[in-house]
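Peer 1: Before we start, here is the structure in question, set down as structure tokens.
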Amino acid sequence: MRLPNNYLFTFVLFVAISQFTFAQDLNLDLNFTPTERDRSMPEELPMDVDLYVLCQYAKAPTSQETSISVLDRMQSLSYFTMPDGRVLVGVRNETKGRPISREIVAAVGGEVISQWRYLADVYIAPDKLIDLAKRLPKDYFLYAQALSNDFEGISDSVTNSFNYKANGADGKGKTVAVIDNGYASFNLMPYDNYGTTYDTVDFTGNGFLSGGTHGQACAGRVFDHAPGANFLLYNAPGESAMGNAFDDAISKNVDVITLSQSAQNTGWDDNTGTRCEQVHDATDAGAIVFCSSGNRGNKHWEGNFSDPDNDDWHNWLGGVELNMVELDSSNSGNPGTISVSLQWDYNGIGDLSTYELYLVNVVNGQIQGVVQSDIGWLPLKRNRFVSYTQANKFQKEQIGIAVRDRGITGTPKFEIVVTGSGVGLFDVIGVNIPAGSTTSPSNSTDPNVISVGGVEFDVYAPGSGASGLIVNYSSQGPTNNGNLAPRITGPTKTGNFHGTSCSTPESAGACLALWSTVPNYSRAGIRYLIYELAHIFKDWGANGPDNVYGHGGIYLYDYAPGTVWVDNRFNNVQGLPFGPYYFVQHARDAVPNNGRMMFIGQSYPLPITMAMPKSFLMKTIGYHATVGD
């Protein structure tokens, strides 16, 4: 195994003991702390290896100087916890059958707080996690639920929605759902002062005003553009809770949903995973869903397995078999965490390809040992997830990521994503490929799921043709099946709110403001208008839709009352008010006196009948328009 900068690495090869269970062929000097030594999870346990390690932490003494408390570890991993120390985890029925019974969970002191289809959100003491896994019936799996918020002021000026809001085009008549978590210091005063209608729904079991501040920040970014909309605010930290939040929002006929909680390792192909299932329920019911593209652009690698030296270890670049990451918590009071997700392509029944994932600690150019690994469980999973939390605070560590092929039928394309509290928002992993880094549900091909990238507020001003604006963490497409993602870009770093978590509700809010000026537009109509305006005014990067900015930055053309839009490419030949008009005659009939007729270019040769005199402004943007012969 060839490593960068003269790293040392020793291993002994073992033979796989069966086609499903593979022996580990790494034989290192494992200098673990007492809380980490017993990390080797039995393969028959149906649980994430990360939860197995968390349980070991919970059972271990924390008096040693090199140890950290289990609460420190849970917080560093962004787990949602209760005041009594219980952690929120998920139990999934892999066959998508009935969710786990409450009695099985209660038998080990746990509590099911939410069930949705085949999922259950469970509060449980960390030292009982292994006990719960042992009690799970066949086909059930216990998994970690780290909060996957995509984040690390005022924004309506850069999207030009300020005059919309000032003139009453403030989302009135539309309902928006903010499905998120964290409203611990939520202030209703701005909503009450504006006369906003809203409802709050809690799925935490700990009260709506709990769990950090991410959700309230997202709600505030929508409110900044569209305070006249009806708001549904959901505190839903788990997958089952999110499913129930979607169901509730659907039952209330929402127009727009903003979702700043994305996930990786939900399935290689597009339209797979729970997040896609939930957003598709919403779009089937008539909503538009804005979702964050993810903050993985600078911490992602995707490609084919490469093994020129035939040692079963992947070569990331030029023979380098460790992808290095600096784990740094030196500027915080908490231990730093690195989490790595791995998933790969799957060719169907009979495909026995499999990869193993390792995190390796490196000190002074020498490998000290494997600090965490995921080598699979029965039956074979198509993904891996590992994390490592520092034993000491205020320090830096060098962590190497290694991937080994232990499959029988081939070496499929795979990808890794790195996150964690010890890896900064803007930090870049050693060997990084931004392309393909979008997360789920950005892998949805439903046209009414609009994934959002991010450009910082203070560099959002340039018009079409500018480049180099995308923030380095903003996830980029294409999806694993080659589809466009993200589909649009919004402003981020508004105030102290960073990430595509911010740009997503910013975009949803701007959409609501524009939609309230054309309230009868269909979803196809408002999407078309948003994308065309983005293309005309902020088509950054390559000309036309691309996998960095999508259609461009969301932007509203200057507000004017009584505006009707004309663009015959939308093909609205019926002349109904569900989108831009095809015929000028239909637009002329619809425009009010002293209104404005906006052309998005094109040619309109048919004559116009002026049945009654009207005074209105005619203007074209983006393209030259020809009206009449």
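Following the order of the structure tokens, chains are lettered A, B, ..., residues in each are numbered from 1, and ligands are numbered from 1.
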Can you pull out every residue within 8 Å of Gly336 in chain A, counting only C-alpha atoms, but drop anything in the same chain fewer than 6 positions away, and send it as a ChimeraX atom specification?

Peer 2: /A:76,327-329,389-390,393,420-423

Peer 1: Kindly export the residues of the current selection with all heavy atoms, as a short mmCIF file (atom, residue, chain, number, x, y, z; two decimals), in the first residue's frame.

Peer 2:
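This is the output file part-v2.cif:
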data_model
loop_
_atom_site.label_atom_id
_atom_site.label_comp_id
_atom_site.auth_asym_id
_atom_site.auth_seq_id
_atom_site.Cartn_x
_atom_site.Cartn_y
_atom_site.Cartn_z
N SER A 76 -20.83 16.53 19.79
CA SER A 76 -19.89 16.73 18.69
C SER A 76 -20.37 16.04 17.42
O SER A 76 -20.03 16.46 16.31
CB SER A 76 -18.50 16.21 19.07
OG SER A 76 -18.50 14.81 19.21
N LEU A 327 -8.36 17.19 11.22
CA LEU A 327 -9.43 17.29 12.21
C LEU A 327 -9.00 18.32 13.24
O LEU A 327 -8.01 18.13 13.96
CB LEU A 327 -9.67 15.92 12.86
CG LEU A 327 -10.72 15.81 13.96
CD1 LEU A 327 -12.07 16.29 13.46
CD2 LEU A 327 -10.83 14.35 14.42
N ASP A 328 -9.72 19.43 13.31
CA ASP A 328 -9.25 20.57 14.10
C ASP A 328 -10.37 21.09 15.00
O ASP A 328 -11.40 21.56 14.52
CB ASP A 328 -8.77 21.68 13.16
CG ASP A 328 -8.20 22.88 13.91
OD1 ASP A 328 -8.04 22.79 15.14
OD2 ASP A 328 -7.90 23.88 13.25
N SER A 329 -10.15 20.99 16.30
CA SER A 329 -11.07 21.59 17.26
C SER A 329 -10.34 22.61 18.13
O SER A 329 -10.80 22.95 19.21
CB SER A 329 -11.70 20.51 18.16
OG SER A 329 -10.70 19.88 18.94
N THR A 389 -14.37 10.75 17.07
CA THR A 389 -14.36 11.93 17.92
C THR A 389 -13.05 12.01 18.69
O THR A 389 -12.62 11.01 19.28
CB THR A 389 -15.54 11.92 18.91
OG1 THR A 389 -16.76 11.88 18.17
CG2 THR A 389 -15.54 13.17 19.77
N GLN A 390 -12.45 13.16 18.69
CA GLN A 390 -11.19 13.34 19.39
C GLN A 390 -11.34 13.05 20.88
O GLN A 390 -12.36 13.36 21.49
CB GLN A 390 -10.69 14.78 19.22
CG GLN A 390 -10.32 15.14 17.80
CD GLN A 390 -9.97 16.60 17.68
OE1 GLN A 390 -10.80 17.46 17.92
NE2 GLN A 390 -8.73 16.88 17.32
N LYS A 393 -9.64 17.86 23.69
CA LYS A 393 -10.08 19.10 23.08
C LYS A 393 -8.87 19.97 22.73
O LYS A 393 -7.76 19.74 23.18
CB LYS A 393 -11.01 19.85 24.04
CG LYS A 393 -12.22 19.04 24.48
CD LYS A 393 -13.05 19.80 25.50
CE LYS A 393 -14.22 18.96 26.00
NZ LYS A 393 -15.05 19.67 26.99
N GLY A 420 -18.55 16.80 9.73
CA GLY A 420 -18.11 16.72 11.11
C GLY A 420 -17.80 18.06 11.73
O GLY A 420 -17.43 19.02 11.03
N SER A 421 -17.93 18.14 13.04
CA SER A 421 -17.70 19.40 13.75
C SER A 421 -16.24 19.81 13.76
O SER A 421 -15.92 20.97 13.98
CB SER A 421 -18.20 19.27 15.19
OG SER A 421 -17.47 18.26 15.89
N GLY A 422 -15.33 18.86 13.52
CA GLY A 422 -13.91 19.19 13.50
C GLY A 422 -13.39 19.50 12.11
O GLY A 422 -12.18 19.70 11.94
N VAL A 423 -14.29 19.51 11.12
CA VAL A 423 -13.92 19.82 9.73
C VAL A 423 -14.69 21.07 9.34
O VAL A 423 -15.91 21.04 9.26
CB VAL A 423 -14.26 18.65 8.78
CG1 VAL A 423 -13.74 18.95 7.38
CG2 VAL A 423 -13.68 17.35 9.30
#

Peer 1: Got a sec: who's within 12 Å of Thr494 in chain A, counting only C-alpha atoms, leaving out chain neighbours fewer than 2 positions off, as a PyMOL selection string?

Peer 2: chain A and resi 151+153-159+217-218+220-221+224+454-460+490-492+496-506

Peer 1: Write a file of the just-selected residues containing N, CA, C and O atoms, as a short mmCIF file (atom, residue, chain, number, x, y, z; two decimals), in the first residue's frame.

Peer 2:
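Generated output (part-v4.cif):
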data_model
loop_
_atom_site.label_atom_id
_atom_site.label_comp_id
_atom_site.auth_asym_id
_atom_site.auth_seq_id
_atom_site.Cartn_x
_atom_site.Cartn_y
_atom_site.Cartn_z
N PHE A 151 -25.70 23.97 7.18
CA PHE A 151 -25.29 25.33 7.52
C PHE A 151 -24.04 25.31 8.34
O PHE A 151 -23.59 24.32 8.82
N GLY A 153 -29.47 37.90 8.20
CA GLY A 153 -29.48 39.27 7.77
C GLY A 153 -30.50 39.59 6.72
O GLY A 153 -31.25 38.78 6.18
N ILE A 154 -30.30 40.26 6.41
CA ILE A 154 -31.27 40.72 5.43
C ILE A 154 -30.81 40.35 4.03
O ILE A 154 -29.67 40.55 3.66
N SER A 155 -31.72 39.85 3.22
CA SER A 155 -31.32 39.33 1.91
C SER A 155 -32.22 39.79 0.78
O SER A 155 -31.90 39.57 -0.38
N ASP A 156 -33.37 40.40 1.09
CA ASP A 156 -34.31 40.70 0.01
C ASP A 156 -33.76 41.75 -0.95
O ASP A 156 -34.25 41.90 -2.05
N SER A 157 -32.70 42.46 -0.56
CA SER A 157 -32.13 43.46 -1.46
C SER A 157 -31.42 42.80 -2.64
O SER A 157 -31.49 43.29 -3.77
N VAL A 158 -30.70 41.70 -2.42
CA VAL A 158 -29.94 41.09 -3.51
C VAL A 158 -30.84 40.28 -4.44
O VAL A 158 -30.48 40.05 -5.59
N THR A 159 -31.97 39.82 -3.97
CA THR A 159 -32.91 39.10 -4.84
C THR A 159 -33.94 40.04 -5.45
O THR A 159 -34.77 39.62 -6.24
N ALA A 217 -33.92 30.01 12.13
CA ALA A 217 -33.17 30.79 11.13
C ALA A 217 -33.74 30.58 9.74
O ALA A 217 -33.88 31.54 8.96
N CYS A 218 -34.11 29.35 9.42
CA CYS A 218 -34.72 29.07 8.11
C CYS A 218 -36.05 29.79 7.97
O CYS A 218 -36.35 30.38 6.93
N GLY A 220 -36.96 32.48 9.45
CA GLY A 220 -36.69 33.90 9.31
C GLY A 220 -36.29 34.31 7.92
O GLY A 220 -36.63 35.40 7.44
N ARG A 221 -35.57 33.44 7.21
CA ARG A 221 -35.15 33.75 5.84
C ARG A 221 -36.35 33.76 4.89
O ARG A 221 -36.37 34.52 3.94
N ASP A 224 -38.35 37.01 5.65
CA ASP A 224 -37.70 38.21 5.13
C ASP A 224 -38.25 38.62 3.77
O ASP A 224 -38.32 39.81 3.45
N GLY A 454 -25.51 27.76 -3.34
CA GLY A 454 -25.29 28.97 -2.58
C GLY A 454 -24.19 29.88 -3.11
O GLY A 454 -23.10 29.42 -3.46
N VAL A 455 -24.49 31.17 -3.18
CA VAL A 455 -23.52 32.24 -3.43
C VAL A 455 -23.66 33.24 -2.30
O VAL A 455 -24.79 33.63 -1.94
N GLU A 456 -22.55 33.67 -1.74
CA GLU A 456 -22.63 34.54 -0.58
C GLU A 456 -23.26 35.89 -0.91
O GLU A 456 -23.07 36.43 -2.00
N PHE A 457 -23.97 36.41 0.06
CA PHE A 457 -24.74 37.65 -0.07
C PHE A 457 -23.90 38.79 -0.64
O PHE A 457 -24.34 39.52 -1.52
N ASP A 458 -22.67 38.95 -0.13
CA ASP A 458 -21.89 40.12 -0.51
C ASP A 458 -21.23 40.01 -1.88
O ASP A 458 -20.58 40.96 -2.33
N VAL A 459 -21.36 38.87 -2.57
CA VAL A 459 -20.86 38.76 -3.95
C VAL A 459 -21.99 38.36 -4.90
O VAL A 459 -21.74 37.90 -6.02
N TYR A 460 -23.25 38.58 -4.49
CA TYR A 460 -24.41 38.13 -5.26
C TYR A 460 -24.77 39.11 -6.39
O TYR A 460 -25.56 38.78 -7.27
N GLY A 490 -29.24 30.46 -4.55
CA GLY A 490 -29.76 31.54 -3.72
C GLY A 490 -28.66 32.15 -2.88
O GLY A 490 -27.56 31.61 -2.77
N PRO A 491 -28.94 33.29 -2.22
CA PRO A 491 -27.94 33.95 -1.39
C PRO A 491 -27.75 33.23 -0.05
O PRO A 491 -28.70 32.75 0.55
N THR A 492 -26.50 33.16 0.39
CA THR A 492 -26.19 32.60 1.69
C THR A 492 -25.30 33.58 2.45
O THR A 492 -24.94 34.64 1.92
N ASN A 496 -25.46 35.93 10.08
CA ASN A 496 -24.49 34.92 10.47
C ASN A 496 -24.90 33.52 10.03
O ASN A 496 -24.38 32.53 10.54
N PHE A 497 -25.82 33.44 9.10
CA PHE A 497 -26.38 32.16 8.68
C PHE A 497 -25.69 31.73 7.39
O PHE A 497 -25.83 32.35 6.34
N HIS A 498 -24.91 30.66 7.47
CA HIS A 498 -24.15 30.17 6.33
C HIS A 498 -24.79 28.91 5.76
O HIS A 498 -25.59 28.25 6.40
N GLY A 499 -24.36 28.54 4.57
CA GLY A 499 -24.67 27.24 4.01
C GLY A 499 -25.86 27.27 3.07
O GLY A 499 -26.59 28.25 2.95
N THR A 500 -26.05 26.14 2.37
CA THR A 500 -27.22 26.01 1.51
C THR A 500 -28.49 25.87 2.33
O THR A 500 -29.59 25.99 1.79
N SER A 501 -28.36 25.63 3.63
CA SER A 501 -29.51 25.73 4.53
C SER A 501 -30.10 27.12 4.48
O SER A 501 -31.31 27.30 4.65
N CYS A 502 -29.24 28.12 4.28
CA CYS A 502 -29.69 29.51 4.22
C CYS A 502 -30.24 29.85 2.83
O CYS A 502 -31.31 30.45 2.70
N SER A 503 -29.52 29.46 1.78
CA SER A 503 -29.93 29.83 0.43
C SER A 503 -31.25 29.17 0.03
O SER A 503 -31.97 29.69 -0.83
N THR A 504 -31.59 28.05 0.67
CA THR A 504 -32.84 27.35 0.33
C THR A 504 -34.08 28.13 0.76
O THR A 504 -34.95 28.44 -0.07
N PRO A 505 -34.23 28.51 2.05
CA PRO A 505 -35.40 29.32 2.41
C PRO A 505 -35.36 30.71 1.79
O PRO A 505 -36.42 31.32 1.57
N GLU A 506 -34.17 31.26 1.50
CA GLU A 506 -34.10 32.54 0.78
C GLU A 506 -34.80 32.40 -0.57
O GLU A 506 -35.58 33.26 -0.98
#

Peer 1: As a ChimeraX atom specification, which residues of range 510-576 of chain A does DSSP assign to strand (DSSP E or B)?

Peer 2: /A:546,550,553,563-566

Peer 1: Mind checking which residues fall within 9 Å of Val518 in chain A, counting only C-alpha atoms, ignoring those fewer than 6 positions away in the same chain, and posting them as number ranges by chain?

Peer 2: A: 526, 563-564, 577-579

Peer 1: With only C-alpha atoms as the atoms that count, which of A:Val584, A:Val591, A:Ile113, A:Gly622 lies nearest to Ile536 in chain A?

Peer 2: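 Using only C-alpha atoms, Ile536 in chain A sits closest to A:Gly622.
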
Peer 1: Which residues are near range 256-266 of chain A? Cut-off 7 Å, only C-alpha atoms, ignore same chain within fewer than 3 positions. Put them as a PyMOL selection string.

Peer 2: chain A and resi 148-150+175-180+272-273+287-292+294+341-343+383+439-441+501+504-505+508

Peer 1: Please provide as a PDB file with N, CA and C atoms, in the first residue's frame all residues within 6 Å of Asn271 in chain A, with the sequence filter that same-chain residues fewer than 2 positions apart are discarded (counting only C-alpha atoms).

Peer 2:
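Final file, selection11.pdb:
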ATOM      1  N   CYS A 276     -36.391  11.386  -0.671  1.00  0.00           N
ATOM      2  CA  CYS A 276     -37.106  11.465  -1.951  1.00  0.00           C
ATOM      3  C   CYS A 276     -38.546  10.992  -1.796  1.00  0.00           C
ATOM      4  N   ASN A 443     -31.347  14.495  -5.450  1.00  0.00           N
ATOM      5  CA  ASN A 443     -31.310  13.436  -6.463  1.00  0.00           C
ATOM      6  C   ASN A 443     -32.699  13.075  -6.979  1.00  0.00           C
ATOM      7  N   SER A 444     -33.684  13.894  -6.640  1.00  0.00           N
ATOM      8  CA  SER A 444     -35.023  13.703  -7.189  1.00  0.00           C
ATOM      9  C   SER A 444     -35.089  14.289  -8.587  1.00  0.00           C
TER      10      SER A 444
END

Peer 1: Applying 6 Å and only C-alpha atoms, which residues near Tyr604 in chain A remain after dropping the ones on its own chain fewer than 2 positions away? List them as a list in words.

Peer 2: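 Near neighbours after the sequence-gap exclusion: Leu606, Thr626, Val627 and Gly628 of chain A.
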
Peer 1: Take the selection from the previous step and output its residues with C-alpha atoms, as a compact mmCIF listing (two decimals), in the first residue's frame.

Peer 2:
# COMPACT_ATOMS: atom_id res chain seq x y z
CA LEU A 606 -50.74 37.92 -34.99
CA THR A 626 -41.22 41.57 -32.15
CA VAL A 627 -44.95 42.33 -31.90
CA GLY A 628 -47.05 42.37 -35.09
